[in-house]
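File shown: structure-v9.cif (mmCIF, C-alpha atoms and all ligand atoms).
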```cif
data_coords
loop_
_atom_site.group_PDB
_atom_site.id
_atom_site.type_symbol
_atom_site.label_atom_id
_atom_site.label_comp_id
_atom_site.auth_asym_id
_atom_site.auth_seq_id
_atom_site.Cartn_x
_atom_site.Cartn_y
_atom_site.Cartn_z
ATOM 1 C CA MET A 28 -25.211 -154.475 42.043
ATOM 2 C CA SER A 29 -26.771 -151.663 40.056
ATOM 3 C CA GLU A 30 -27.360 -152.223 36.367
ATOM 4 C CA SER A 31 -24.743 -149.644 35.326
ATOM 5 C CA ARG A 32 -22.113 -150.761 37.845
ATOM 6 C CA ASN A 33 -19.383 -152.180 35.711
ATOM 7 C CA VAL A 34 -20.023 -150.196 32.562
ATOM 8 C CA SER A 35 -18.793 -146.961 34.188
ATOM 9 C CA TYR A 36 -15.666 -145.120 33.074
ATOM 10 C CA SER A 37 -13.508 -143.381 35.710
ATOM 11 C CA PHE A 38 -11.625 -140.137 35.114
ATOM 12 C CA LEU A 39 -9.802 -137.550 37.197
ATOM 13 C CA GLY A 40 -12.486 -135.015 38.103
ATOM 14 C CA PRO A 41 -14.272 -132.830 38.737
ATOM 15 C CA THR A 42 -15.927 -132.195 35.428
ATOM 16 C CA GLY A 43 -13.948 -129.958 33.048
ATOM 17 C CA THR A 44 -10.513 -131.616 33.425
ATOM 18 C CA PHE A 45 -8.290 -132.508 30.473
ATOM 19 C CA THR A 46 -8.747 -136.135 31.535
ATOM 20 C CA GLU A 47 -12.478 -135.764 30.957
ATOM 21 C CA ALA A 48 -11.715 -134.248 27.522
ATOM 22 C CA ALA A 49 -9.657 -137.376 26.748
ATOM 23 C CA LEU A 50 -12.615 -139.580 27.733
ATOM 24 C CA THR A 51 -14.884 -137.722 25.290
ATOM 25 C CA GLN A 52 -12.687 -139.238 22.531
ATOM 26 C CA VAL A 53 -13.601 -142.805 23.549
ATOM 27 C CA VAL A 54 -16.470 -143.951 21.343
ATOM 28 C CA GLU A 55 -17.469 -146.892 23.617
ATOM 29 C CA ALA A 56 -17.678 -144.579 26.666
ATOM 30 C CA GLN A 57 -20.326 -142.299 25.185
ATOM 31 C CA GLY A 58 -23.749 -142.747 26.764
ATOM 32 C CA LYS A 59 -22.248 -144.752 29.680
ATOM 33 C CA PRO A 60 -21.979 -143.489 33.278
ATOM 34 C CA TRP A 61 -18.719 -141.656 34.113
ATOM 35 C CA ARG A 62 -17.210 -141.550 37.599
ATOM 36 C CA ALA A 63 -15.144 -138.517 38.633
ATOM 37 C CA VAL A 64 -12.331 -139.578 41.002
ATOM 38 C CA ASN A 65 -9.649 -137.686 42.932
ATOM 39 C CA ASN A 66 -6.436 -139.493 42.040
ATOM 40 C CA VAL A 67 -4.829 -142.265 40.003
ATOM 41 C CA GLY A 68 -5.044 -144.766 42.890
ATOM 42 C CA GLU A 69 -8.808 -144.300 43.123
ATOM 43 C CA ALA A 70 -9.190 -144.678 39.354
ATOM 44 C CA PHE A 71 -7.238 -147.960 39.336
ATOM 45 C CA ASP A 72 -9.155 -149.170 42.383
ATOM 46 C CA ASP A 73 -12.405 -148.631 40.449
ATOM 47 C CA VAL A 74 -11.055 -150.823 37.652
ATOM 48 C CA VAL A 75 -9.645 -153.547 39.914
ATOM 49 C CA SER A 76 -12.836 -153.755 41.993
ATOM 50 C CA GLY A 77 -15.025 -153.805 38.884
ATOM 51 C CA ARG A 78 -16.791 -150.550 39.795
ATOM 52 C CA SER A 79 -15.639 -149.260 36.402
ATOM 53 C CA VAL A 80 -14.891 -151.046 33.181
ATOM 54 C CA ALA A 81 -11.983 -148.695 32.448
ATOM 55 C CA ALA A 82 -10.235 -145.533 33.660
ATOM 56 C CA MET A 83 -8.667 -142.650 31.741
ATOM 57 C CA ILE A 84 -5.257 -141.663 33.103
ATOM 58 C CA ALA A 85 -2.642 -139.029 32.120
ATOM 59 C CA ILE A 86 0.620 -140.857 31.402
ATOM 60 C CA GLU A 87 2.996 -138.455 29.631
ATOM 61 C CA ASN A 88 3.193 -134.848 28.598
ATOM 62 C CA SER A 89 5.310 -133.201 25.972
ATOM 63 C CA VAL A 90 6.845 -130.651 28.358
ATOM 64 C CA ASP A 91 7.524 -132.543 31.576
ATOM 65 C CA GLY A 92 7.772 -136.178 30.424
ATOM 66 C CA GLY A 93 6.219 -139.239 32.076
ATOM 67 C CA VAL A 94 3.641 -138.806 34.845
ATOM 68 C CA SER A 95 5.478 -140.628 37.620
ATOM 69 C CA ALA A 96 2.370 -141.303 39.772
ATOM 70 C CA THR A 97 0.792 -143.150 36.836
ATOM 71 C CA GLN A 98 3.942 -145.059 35.883
ATOM 72 C CA ASP A 99 4.498 -146.184 39.475
ATOM 73 C CA ALA A 100 0.866 -147.220 39.926
ATOM 74 C CA LEU A 101 0.996 -149.253 36.698
ATOM 75 C CA ALA A 102 4.086 -151.035 38.038
ATOM 76 C CA SER A 103 2.450 -151.965 41.323
ATOM 77 C CA VAL A 104 -1.213 -152.711 40.553
ATOM 78 C CA PRO A 105 -1.354 -156.169 38.915
ATOM 79 C CA ASP A 106 -3.458 -157.208 35.921
ATOM 80 C CA LEU A 107 -4.067 -153.772 34.419
ATOM 81 C CA ARG A 108 -4.001 -153.356 30.660
ATOM 82 C CA ILE A 109 -3.768 -150.246 28.513
ATOM 83 C CA ILE A 110 -6.353 -150.574 25.726
ATOM 84 C CA GLY A 111 -6.076 -147.191 24.005
ATOM 85 C CA GLU A 112 -4.218 -143.886 23.924
ATOM 86 C CA TYR A 113 -5.589 -140.380 23.391
ATOM 87 C CA LEU A 114 -3.882 -137.012 22.899
ATOM 88 C CA VAL A 115 -5.192 -133.739 24.303
ATOM 89 C CA PRO A 116 -3.576 -130.333 23.600
ATOM 90 C CA VAL A 117 -3.164 -128.598 26.967
ATOM 91 C CA ASN A 118 -3.121 -124.908 27.613
ATOM 92 C CA PHE A 119 -3.455 -123.180 30.988
ATOM 93 C CA VAL A 120 -4.877 -119.999 32.508
ATOM 94 C CA LEU A 121 -4.179 -118.420 35.902
ATOM 95 C CA VAL A 122 -7.404 -117.679 37.770
ATOM 96 C CA ALA A 123 -8.291 -116.049 41.091
ATOM 97 C CA ARG A 124 -11.260 -115.002 43.191
ATOM 98 C CA PRO A 125 -12.896 -111.837 41.809
ATOM 99 C CA GLY A 126 -11.094 -108.734 43.125
ATOM 100 C CA THR A 127 -7.633 -110.365 43.247
ATOM 101 C CA ALA A 128 -4.827 -108.709 41.239
ATOM 102 C CA LEU A 129 -1.732 -110.526 39.976
ATOM 103 C CA ALA A 130 0.358 -108.550 42.490
ATOM 104 C CA ASP A 131 -1.713 -110.061 45.358
ATOM 105 C CA VAL A 132 -0.866 -113.663 44.434
ATOM 106 C CA LYS A 133 1.400 -115.417 46.937
ATOM 107 C CA ILE A 134 0.176 -119.039 46.839
ATOM 108 C CA VAL A 135 -0.683 -120.829 43.572
ATOM 109 C CA ASN A 136 -2.835 -123.956 43.729
ATOM 110 C CA ALA A 137 -2.024 -126.344 40.880
ATOM 111 C CA HIS A 138 -1.910 -129.991 39.891
ATOM 112 C CA PRO A 139 1.814 -130.907 39.962
ATOM 113 C CA VAL A 140 1.807 -131.837 36.261
ATOM 114 C CA ALA A 141 0.245 -128.481 35.320
ATOM 115 C CA TYR A 142 2.589 -126.631 37.663
ATOM 116 C CA ALA A 143 5.629 -128.210 35.991
ATOM 117 C CA GLN A 144 4.380 -127.002 32.606
ATOM 118 C CA CYS A 145 4.004 -123.368 33.699
ATOM 119 C CA ARG A 146 7.301 -123.056 35.584
ATOM 120 C CA ARG A 147 8.970 -120.442 33.353
ATOM 121 C CA TRP A 148 5.904 -118.196 33.311
ATOM 122 C CA LEU A 149 5.593 -118.433 37.114
ATOM 123 C CA GLU A 150 9.288 -117.698 37.637
ATOM 124 C CA SER A 151 9.069 -114.560 35.479
ATOM 125 C CA ASN A 152 5.709 -113.272 36.671
ATOM 126 C CA LEU A 153 5.391 -114.517 40.270
ATOM 127 C CA PRO A 154 9.004 -115.130 41.349
ATOM 128 C CA HIS A 155 8.139 -115.351 45.081
ATOM 129 C CA HIS A 156 5.036 -117.547 44.895
ATOM 130 C CA GLY A 157 4.555 -120.787 46.813
ATOM 131 C CA HIS A 158 2.935 -123.902 45.290
ATOM 132 C CA LEU A 159 -0.042 -125.639 46.896
ATOM 133 C CA PRO A 160 -0.607 -129.002 45.130
ATOM 134 C CA ALA A 161 -4.114 -129.803 43.894
ATOM 135 C CA SER A 162 -5.647 -133.129 42.894
ATOM 136 C CA SER A 163 -6.610 -131.813 39.419
ATOM 137 C CA ASN A 164 -6.670 -128.637 37.346
ATOM 138 C CA VAL A 165 -10.373 -128.088 37.969
ATOM 139 C CA ALA A 166 -10.089 -128.974 41.687
ATOM 140 C CA ALA A 167 -7.442 -126.224 41.944
ATOM 141 C CA ALA A 168 -9.859 -123.577 40.688
ATOM 142 C CA ALA A 169 -12.834 -124.957 42.633
ATOM 143 C CA SER A 170 -10.954 -124.904 45.930
ATOM 144 C CA LEU A 171 -10.061 -121.209 45.464
ATOM 145 C CA VAL A 172 -13.711 -120.450 45.951
ATOM 146 C CA GLU A 173 -14.270 -123.081 48.662
ATOM 147 C CA SER A 174 -11.211 -122.856 50.912
ATOM 148 C CA GLY A 175 -9.286 -119.653 50.287
ATOM 149 C CA GLN A 176 -5.962 -121.372 51.113
ATOM 150 C CA ALA A 177 -4.422 -120.194 47.832
ATOM 151 C CA ASP A 178 -4.660 -116.846 46.022
ATOM 152 C CA ALA A 179 -4.676 -118.189 42.467
ATOM 153 C CA ALA A 180 -4.967 -121.465 40.574
ATOM 154 C CA ILE A 181 -3.721 -122.960 37.321
ATOM 155 C CA ALA A 182 -6.728 -124.254 35.385
ATOM 156 C CA PRO A 183 -7.973 -125.200 31.905
ATOM 157 C CA PRO A 184 -9.257 -122.365 29.660
ATOM 158 C CA GLY A 185 -13.015 -121.846 30.011
ATOM 159 C CA ILE A 186 -12.995 -122.555 33.771
ATOM 160 C CA GLU A 187 -14.506 -119.096 34.470
ATOM 161 C CA LYS A 188 -17.759 -120.265 32.846
ATOM 162 C CA HIS A 189 -18.252 -122.915 35.540
ATOM 163 C CA HIS A 190 -16.658 -121.423 38.666
ATOM 164 C CA ASP A 191 -16.751 -117.979 40.251
ATOM 165 C CA VAL A 192 -13.211 -117.001 39.255
ATOM 166 C CA VAL A 193 -11.589 -114.343 37.067
ATOM 167 C CA VAL A 194 -8.753 -114.921 34.611
ATOM 168 C CA LEU A 195 -5.526 -113.113 35.609
ATOM 169 C CA ALA A 196 -3.437 -114.437 32.696
ATOM 170 C CA ARG A 197 -3.969 -116.656 29.658
ATOM 171 C CA SER A 198 -1.644 -119.138 27.889
ATOM 172 C CA ILE A 199 0.726 -119.407 30.835
ATOM 173 C CA GLY A 200 2.098 -122.809 29.715
ATOM 174 C CA ASP A 201 5.803 -122.803 28.821
ATOM 175 C CA ASN A 202 5.066 -124.432 25.479
ATOM 176 C CA ALA A 203 2.062 -123.306 23.436
ATOM 177 C CA ASN A 204 1.959 -126.682 21.627
ATOM 178 C CA ALA A 205 2.002 -128.842 24.775
ATOM 179 C CA VAL A 206 0.145 -132.129 24.451
ATOM 180 C CA THR A 207 -0.725 -134.689 27.123
ATOM 181 C CA ARG A 208 -0.973 -138.370 26.341
ATOM 182 C CA PHE A 209 -3.717 -140.248 28.173
ATOM 183 C CA VAL A 210 -4.289 -143.979 28.331
ATOM 184 C CA LEU A 211 -7.463 -145.962 28.868
ATOM 185 C CA VAL A 212 -6.747 -148.706 31.400
ATOM 186 C CA SER A 213 -8.884 -151.793 31.937
ATOM 187 C CA ARG A 214 -8.661 -155.271 33.449
ATOM 188 C CA THR A 215 -9.469 -157.157 30.288
ATOM 189 C CA THR A 216 -6.930 -159.669 28.998
ATOM 190 C CA THR A 217 -8.272 -159.282 25.461
ATOM 191 C CA VAL A 218 -5.651 -157.387 23.483
ATOM 192 C CA PRO A 219 -7.087 -154.851 21.002
ATOM 193 C CA PRO A 220 -6.623 -156.120 17.419
ATOM 194 C CA ARG A 221 -3.443 -155.265 15.529
ATOM 195 C CA THR A 222 -3.894 -152.246 13.240
ATOM 196 C CA GLY A 223 -0.347 -151.805 11.863
ATOM 197 C CA ALA A 224 -0.111 -148.513 13.796
ATOM 198 C CA ASP A 225 0.256 -149.889 17.301
ATOM 199 C CA LYS A 226 2.264 -149.414 20.432
ATOM 200 C CA THR A 227 3.285 -151.902 23.129
ATOM 201 C CA SER A 228 3.864 -150.664 26.690
ATOM 202 C CA LEU A 229 6.091 -152.560 29.103
ATOM 203 C CA ILE A 230 7.767 -152.217 32.473
ATOM 204 C CA VAL A 231 11.064 -154.082 32.707
ATOM 205 C CA GLU A 232 13.410 -154.667 35.626
ATOM 206 C CA LEU A 233 17.092 -155.323 35.091
ATOM 207 C CA PRO A 234 18.921 -158.210 36.745
ATOM 208 C CA GLU A 235 20.822 -156.854 39.737
ATOM 209 C CA ASP A 236 24.476 -155.824 39.538
ATOM 210 C CA ARG A 237 25.342 -157.037 36.075
ATOM 211 C CA SER A 238 27.538 -154.933 33.843
ATOM 212 C CA GLY A 239 25.960 -154.253 30.488
ATOM 213 C CA ALA A 240 22.446 -155.211 31.672
ATOM 214 C CA LEU A 241 20.873 -152.071 30.219
ATOM 215 C CA LEU A 242 22.560 -152.685 26.890
ATOM 216 C CA GLU A 243 21.373 -156.299 26.981
ATOM 217 C CA MET A 244 17.807 -155.119 27.544
ATOM 218 C CA LEU A 245 18.022 -152.691 24.611
ATOM 219 C CA GLU A 246 19.504 -155.404 22.393
ATOM 220 C CA GLN A 247 16.307 -157.430 22.768
ATOM 221 C CA PHE A 248 14.566 -154.711 20.788
ATOM 222 C CA ALA A 249 17.421 -153.732 18.466
ATOM 223 C CA THR A 250 18.119 -157.262 17.219
ATOM 224 C CA ARG A 251 14.441 -157.659 16.245
ATOM 225 C CA GLY A 252 14.174 -154.258 14.544
ATOM 226 C CA VAL A 253 11.768 -152.882 17.184
ATOM 227 C CA ASN A 254 11.942 -149.114 17.691
ATOM 228 C CA LEU A 255 11.273 -147.563 21.115
ATOM 229 C CA SER A 256 9.270 -144.345 21.405
ATOM 230 C CA LEU A 257 9.723 -143.997 25.170
ATOM 231 C CA ILE A 258 12.183 -145.309 27.720
ATOM 232 C CA GLN A 259 12.211 -143.897 31.188
ATOM 233 C CA SER A 260 13.703 -145.110 34.443
ATOM 234 C CA ARG A 261 11.713 -145.049 37.689
ATOM 235 C CA PRO A 262 13.090 -146.016 41.092
ATOM 236 C CA ILE A 263 11.834 -149.408 42.301
ATOM 237 C CA GLY A 264 11.850 -147.909 45.792
ATOM 238 C CA ASP A 265 13.425 -150.700 47.842
ATOM 239 C CA ALA A 266 17.002 -149.367 47.750
ATOM 240 C CA LEU A 267 19.011 -146.526 46.274
ATOM 241 C CA GLY A 268 20.129 -147.137 42.719
ATOM 242 C CA ARG A 269 17.461 -149.745 41.832
ATOM 243 C CA TYR A 270 15.436 -148.792 38.786
ATOM 244 C CA ARG A 271 12.789 -150.230 36.510
ATOM 245 C CA PHE A 272 12.271 -149.083 32.927
ATOM 246 C CA VAL A 273 8.991 -147.880 31.489
ATOM 247 C CA ILE A 274 9.084 -148.630 27.770
ATOM 248 C CA ASP A 275 6.873 -147.953 24.753
ATOM 249 C CA ALA A 276 7.850 -150.056 21.756
ATOM 250 C CA ASP A 277 6.553 -149.600 18.209
ATOM 251 C CA GLY A 278 4.334 -152.502 17.154
ATOM 252 C CA HIS A 279 1.858 -155.027 18.558
ATOM 253 C CA ILE A 280 2.340 -158.258 20.518
ATOM 254 C CA HIS A 281 0.826 -160.006 17.462
ATOM 255 C CA ASP A 282 3.780 -158.720 15.387
ATOM 256 C CA GLU A 283 6.322 -161.557 15.346
ATOM 257 C CA ARG A 284 9.251 -159.205 15.966
ATOM 258 C CA VAL A 285 7.574 -157.705 19.067
ATOM 259 C CA ALA A 286 6.571 -161.139 20.427
ATOM 260 C CA ASP A 287 10.145 -162.374 19.881
ATOM 261 C CA ALA A 288 11.563 -159.320 21.695
ATOM 262 C CA LEU A 289 9.189 -160.065 24.607
ATOM 263 C CA LEU A 290 10.476 -163.650 24.790
ATOM 264 C CA GLY A 291 14.042 -162.312 24.844
ATOM 265 C CA LEU A 292 13.184 -159.887 27.653
ATOM 266 C CA ARG A 293 11.427 -162.608 29.654
ATOM 267 C CA ARG A 294 14.522 -164.838 29.504
ATOM 268 C CA PHE A 295 16.813 -162.196 30.893
ATOM 269 C CA SER A 296 14.760 -159.921 33.140
ATOM 270 C CA PRO A 297 13.504 -160.807 36.655
ATOM 271 C CA GLN A 298 10.241 -158.992 35.891
ATOM 272 C CA VAL A 299 8.536 -157.978 32.658
ATOM 273 C CA ILE A 300 5.103 -156.377 32.978
ATOM 274 C CA PHE A 301 3.127 -156.383 29.726
ATOM 275 C CA LEU A 302 0.911 -153.294 29.970
ATOM 276 C CA GLY A 303 -0.726 -153.841 26.615
ATOM 277 C CA SER A 304 -0.654 -153.411 22.839
ATOM 278 C CA TYR A 305 -3.044 -150.796 21.503
ATOM 279 C CA PRO A 306 -3.556 -148.479 18.509
ATOM 280 C CA ARG A 307 -1.414 -145.340 18.454
ATOM 281 C CA ALA A 308 -3.375 -142.113 18.867
ATOM 282 C CA ASP A 309 -1.616 -140.534 15.864
ATOM 283 C CA LYS A 310 -2.477 -143.588 13.667
ATOM 284 C CA GLN A 311 1.012 -143.400 12.084
ATOM 285 C CA PRO A 312 1.796 -146.838 10.585
ATOM 286 C CA ILE A 313 4.888 -148.441 12.094
ATOM 287 C CA GLU A 314 7.870 -148.559 9.776
ATOM 288 C CA PHE A 315 10.396 -151.380 10.005
ATOM 289 C CA THR A 316 12.756 -153.032 7.550
ATOM 290 C CA SER A 317 11.598 -156.139 5.681
ATOM 291 C CA ARG A 318 14.293 -158.157 7.496
ATOM 292 C CA TYR A 319 11.924 -158.123 10.464
ATOM 293 C CA ASN A 320 8.539 -158.854 8.919
ATOM 294 C CA ASP A 321 6.353 -161.713 10.255
ATOM 295 C CA ASN A 322 7.315 -164.121 7.457
ATOM 296 C CA VAL A 323 10.997 -163.955 8.350
ATOM 297 C CA PHE A 324 10.280 -165.151 11.905
ATOM 298 C CA ILE A 325 7.740 -167.754 10.768
ATOM 299 C CA GLY A 326 10.189 -169.008 8.107
ATOM 300 C CA ALA A 327 12.998 -169.308 10.660
ATOM 301 C CA ARG A 328 10.774 -171.355 12.997
ATOM 302 C CA ALA A 329 9.754 -173.666 10.126
ATOM 303 C CA TRP A 330 13.444 -174.122 9.248
ATOM 304 C CA LEU A 331 14.240 -175.148 12.844
ATOM 305 C CA ARG A 332 11.351 -177.634 12.876
ATOM 306 C CA GLY A 333 12.624 -178.989 9.557
ATOM 307 C CA LEU A 334 16.080 -179.563 11.048
ATOM 308 C CA LEU A 335 14.422 -181.666 13.729
ATOM 309 C CA GLY A 336 12.320 -183.543 11.229
ATOM 310 C CA GLU A 337 9.107 -182.067 12.669
ATOM 311 C CA PRO A 338 6.183 -181.252 10.380
ATOM 312 C CA ALA A 339 5.717 -177.597 9.412
ATOM 313 C CA VAL A 340 2.829 -175.862 11.265
HETATM 314 O O1 LIG A 401 -6.977 -133.772 33.690
HETATM 315 C C1 LIG A 401 -6.639 -132.748 34.288
HETATM 316 O O2 LIG A 401 -7.124 -131.631 34.043
HETATM 317 C C2 LIG A 401 -5.607 -132.856 35.357
HETATM 318 O O3 LIG A 401 -5.669 -132.151 36.327
HETATM 319 C C3 LIG A 401 -4.431 -133.745 35.128
HETATM 320 C C4 LIG A 401 -3.542 -133.085 34.126
HETATM 321 C C5 LIG A 401 -2.645 -132.109 34.531
HETATM 322 C C6 LIG A 401 -1.874 -131.456 33.570
HETATM 323 C C7 LIG A 401 -1.983 -131.802 32.251
HETATM 324 C C8 LIG A 401 -2.894 -132.778 31.861
HETATM 325 C C9 LIG A 401 -3.663 -133.438 32.805
#
```
Turn this file's structure into structure tokens for me.
Amino acid sequence: MSESRNVSYSFLGPTGTFTEAALTQVVEAQGKPWRAVNNVGEAFDDVVSGRSVAAMIAIENSVDGGVSATQDALASVPDLRIIGEYLVPVNFVLVARPGTALADVKIVNAHPVAYAQCRRWLESNLPHHGHLPASSNVAAAASLVESGQADAAIAPPGIEKHHDVVVLARSIGDNANAVTRFVLVSRTTTVPPRTGADKTSLIVELPEDRSGALLEMLEQFATRGVNLSLIQSRPIGDALGRYRFVIDADGHIHDERVADALLGLRRFSPQVIFLGSYPRADKQPIEFTSRYNDNVFIGARAWLRGLLGEPAV
């Protein structure tokens, strides 16, 4: 085993991707080796095998919602934990080999998440184009030069400094303020300390064929005063109509109200995956009413023990 083996950080490469920009925000990753990978599966495999200590993964963007490949991988690869989140503003350019005009573009190479964020621009400016999926935004531009299968690529601004391409159009994203949320995923079971501005990510399955099951799941949060910042359904995949829910809840597992909501979920759901509690990228303190502060839960437990004649803890 080489000295640096399990201190590496994996990211979707090649160099120049937004995922790499997210990793530059991680203080602990600076000065450590970084491994450029080709897809989410490879990044998680690095973490599971111990080749990397953590991997940076795109999980949600403000235009197109949750990144389904990431959500599904998090549901199926056991023992992964999110230990941090990072926001990167994303903005795209259309590039081509030198000598190509916009009118020549028939096939656009693009990462599916980037493609989805440039749909309106593409429909207006290249209404007849076809889409060739790429493994990343930088891979899309690099393969223009290498393979010639596509005529243009969607890429991050500045790409022309590193690859032999020309910019055909700038700011082609449908929303100029688009932001992508990235998460740092590791195999540690140590939960980052509570900061008061935290998020807890979960994947929850509903019991089969029970009326009101979704409401019952939401009640676990509502009755403990826990706000949700994301709830998204993803097909489980074994039959039509079977879904799991990807959830981000405000607060930390060390907050009594969040821990109590988790216990409630565990009692009713066939599967609850705890993906982690970690500091929010925007550092906004969580607001909740005083009815749900830690002392209320601790006081209620002490009361119950008192009823049973047990000593207070
Ligand atoms: O990190 C990149 O550059 C990627 O290719 C993934 C991606 C795609 C679109 C928005 C953010 C990240």
Expected selection as an NGL selection string for ligand LIG 401 (chain A) within 7 Å, all atoms listed in the file: :A and (39 or 44-47 or 85 or 117 or 138 or 140-141 or 162-165 or 183 or 207)
Write the selection just made, keeping C-alpha atoms, as a CSV table (one decimal), in the frame of the given file?
```
chain,number,residue,atom,x,y,z
A,39,LEU,CA,-9.8,-137.6,37.2
A,44,THR,CA,-10.5,-131.6,33.4
A,45,PHE,CA,-8.3,-132.5,30.5
A,46,THR,CA,-8.7,-136.1,31.5
A,47,GLU,CA,-12.5,-135.8,31.0
A,85,ALA,CA,-2.6,-139.0,32.1
A,117,VAL,CA,-3.2,-128.6,27.0
A,138,HIS,CA,-1.9,-130.0,39.9
A,140,VAL,CA,1.8,-131.8,36.3
A,141,ALA,CA,0.2,-128.5,35.3
A,162,SER,CA,-5.6,-133.1,42.9
A,163,SER,CA,-6.6,-131.8,39.4
A,164,ASN,CA,-6.7,-128.6,37.3
A,165,VAL,CA,-10.4,-128.1,38.0
A,183,PRO,CA,-8.0,-125.2,31.9
A,207,THR,CA,-0.7,-134.7,27.1
```
Would you please work out which residue, of A:Ile181, A:Ser296, A:Gly77, A:Leu257, is nearest to A:Arg237 when using all atoms listed in the file? A:Ser296
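Atom CA of A:Ser95 to atom CA of A:Ile313 spans 26.7 Å [interatomic distance, one decimal].
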Considering all atoms listed in the file, state which residue in the set A:Val285, A:Leu292, A:Ala177, A:Glu187 is at the smallest distance from A:Leu233.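 Once distances to A:Leu233 are computed over all atoms listed in the file, the minimum belongs to A:Leu292.
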Translate the PyMOL selection byres (((chain A and resi 255) around 9) and not hetatm), as applied to the file shown, into an explicit residue set as JSON, numbers by chain. {"A": [248, 253, 254, 256, 257, 258, 274, 275, 276, 277]}
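Comparing the minimum interatomic distances between A:His158 and each of A:Arg318, A:Arg146, A:Arg261, A:Lys188, counting only C-alpha atoms, we find that A:Arg146 sits nearest.
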For atom CA of A:His189 and atom CA of A:Trp61, the interatomic separation in Å (one decimal): 18.8 Å
Under the rule that all atoms listed in the file are counted, which of A:Val299, A:Leu267, A:Leu195, A:Val135 is the nearest residue to A:Leu229?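 Residue with the minimum atom-to-atom distance to A:Leu229: A:Val299.
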Rounded to one decimal, what separation in Å do you get between atom CA of A:Ile134 and atom CA of A:Ala180? 8.5 Å
Compare A:Gln52, A:Thr227, A:Ser213, A:Thr316 by their minimum atom-to-atom distance to A:Ser76, counting all atoms listed in the file, and give me the closest one.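 Among the listed residues, A:Ser213 lies closest to A:Ser76.
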Please expand the PyMOL selection byres (((chain A and resi 291) around 12) and not hetatm) into the concrete residues it hits in this file, giving the result as a ChimeraX atom specification. /A:231,243-251,284-290,292-297,299
Would you kindly return, as a list of chain:residue names, each protein, DNA or RNA residue with an atom no farther than 8 Å from any atom of A:Val172, considering all atoms listed in the file and excluding same-chain residues fewer than 3 positions away?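 Once the adjacent positions are removed, what remains is A:Arg124, A:Ala168, A:Ala169, A:Gly175, A:His190, A:Asp191, A:Val192.
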Contacts of A:Leu153 at 10 Å (only C-alpha atoms; same-chain gap of 2+ positions) as a PyMOL selection string: chain A and resi 129-135+146-151+155-157
On this file, the PyMOL selection byres (((chain A and resi 35) around 10) and not hetatm) gives some set of residues; write that set as a ChimeraX atom specification. /A:31-34,36-38,56,58-62,73-74,77-82
Counting only C-alpha atoms, the option among A:Ser304, A:Asn320, A:Gln311, A:Ser198 closest to A:Pro220: A:Ser304
Provide an axis-aligned box for all listed atoms of stretch 92-107 of chain A, padding each side by 8 Å; report its centre and its edge lengths in Å to one decimal, as JSON.
```
{"center_x": 1.9, "center_y": -146.7, "center_z": 35.9, "size_x": 27.8, "size_y": 37.0, "size_z": 26.9}
```
Kindly extract all protein, DNA and RNA residues lying within 9 Å of the coordinates (-5.1, -155.0, 33.5) given in the file, considering only C-alpha atoms, and supply them as a VMD selection string. chain A and resid 74 to 75 101 104 to 109 212 to 216 302 to 303
Only C-alpha atoms, please: the residues just picked out, written as a compact mmCIF listing (two decimals), keeping the file's coordinate frame.
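Writing done, so here's part_3.txt:
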```
# COMPACT_ATOMS: atom_id res chain seq x y z
CA VAL A 74 -11.06 -150.82 37.65
CA VAL A 75 -9.64 -153.55 39.91
CA LEU A 101 1.00 -149.25 36.70
CA VAL A 104 -1.21 -152.71 40.55
CA PRO A 105 -1.35 -156.17 38.92
CA ASP A 106 -3.46 -157.21 35.92
CA LEU A 107 -4.07 -153.77 34.42
CA ARG A 108 -4.00 -153.36 30.66
CA ILE A 109 -3.77 -150.25 28.51
CA VAL A 212 -6.75 -148.71 31.40
CA SER A 213 -8.88 -151.79 31.94
CA ARG A 214 -8.66 -155.27 33.45
CA THR A 215 -9.47 -157.16 30.29
CA THR A 216 -6.93 -159.67 29.00
CA LEU A 302 0.91 -153.29 29.97
CA GLY A 303 -0.73 -153.84 26.62
```
What would the list of residues within 8 Å of (-3.6, -148.8, 20.2) (file frame) look like as a PDB file with C-alpha atoms, in the coordinates of the input, if all atoms listed in the file are what count?
```pdb
ATOM      1  CA  ILE A 110      -6.353-150.574  25.726  1.00  0.00           C
ATOM      2  CA  GLY A 111      -6.076-147.191  24.005  1.00  0.00           C
ATOM      3  CA  GLU A 112      -4.218-143.886  23.924  1.00  0.00           C
ATOM      4  CA  PRO A 219      -7.087-154.851  21.002  1.00  0.00           C
ATOM      5  CA  ARG A 221      -3.443-155.265  15.529  1.00  0.00           C
ATOM      6  CA  THR A 222      -3.894-152.246  13.240  1.00  0.00           C
ATOM      7  CA  ALA A 224      -0.111-148.513  13.796  1.00  0.00           C
ATOM      8  CA  ASP A 225       0.256-149.889  17.301  1.00  0.00           C
ATOM      9  CA  LYS A 226       2.264-149.414  20.432  1.00  0.00           C
ATOM     10  CA  SER A 304      -0.654-153.411  22.839  1.00  0.00           C
ATOM     11  CA  TYR A 305      -3.044-150.796  21.503  1.00  0.00           C
ATOM     12  CA  PRO A 306      -3.556-148.479  18.509  1.00  0.00           C
ATOM     13  CA  ARG A 307      -1.414-145.340  18.454  1.00  0.00           C
ATOM     14  CA  ALA A 308      -3.375-142.113  18.867  1.00  0.00           C
TER      15      ALA A 308
END
```
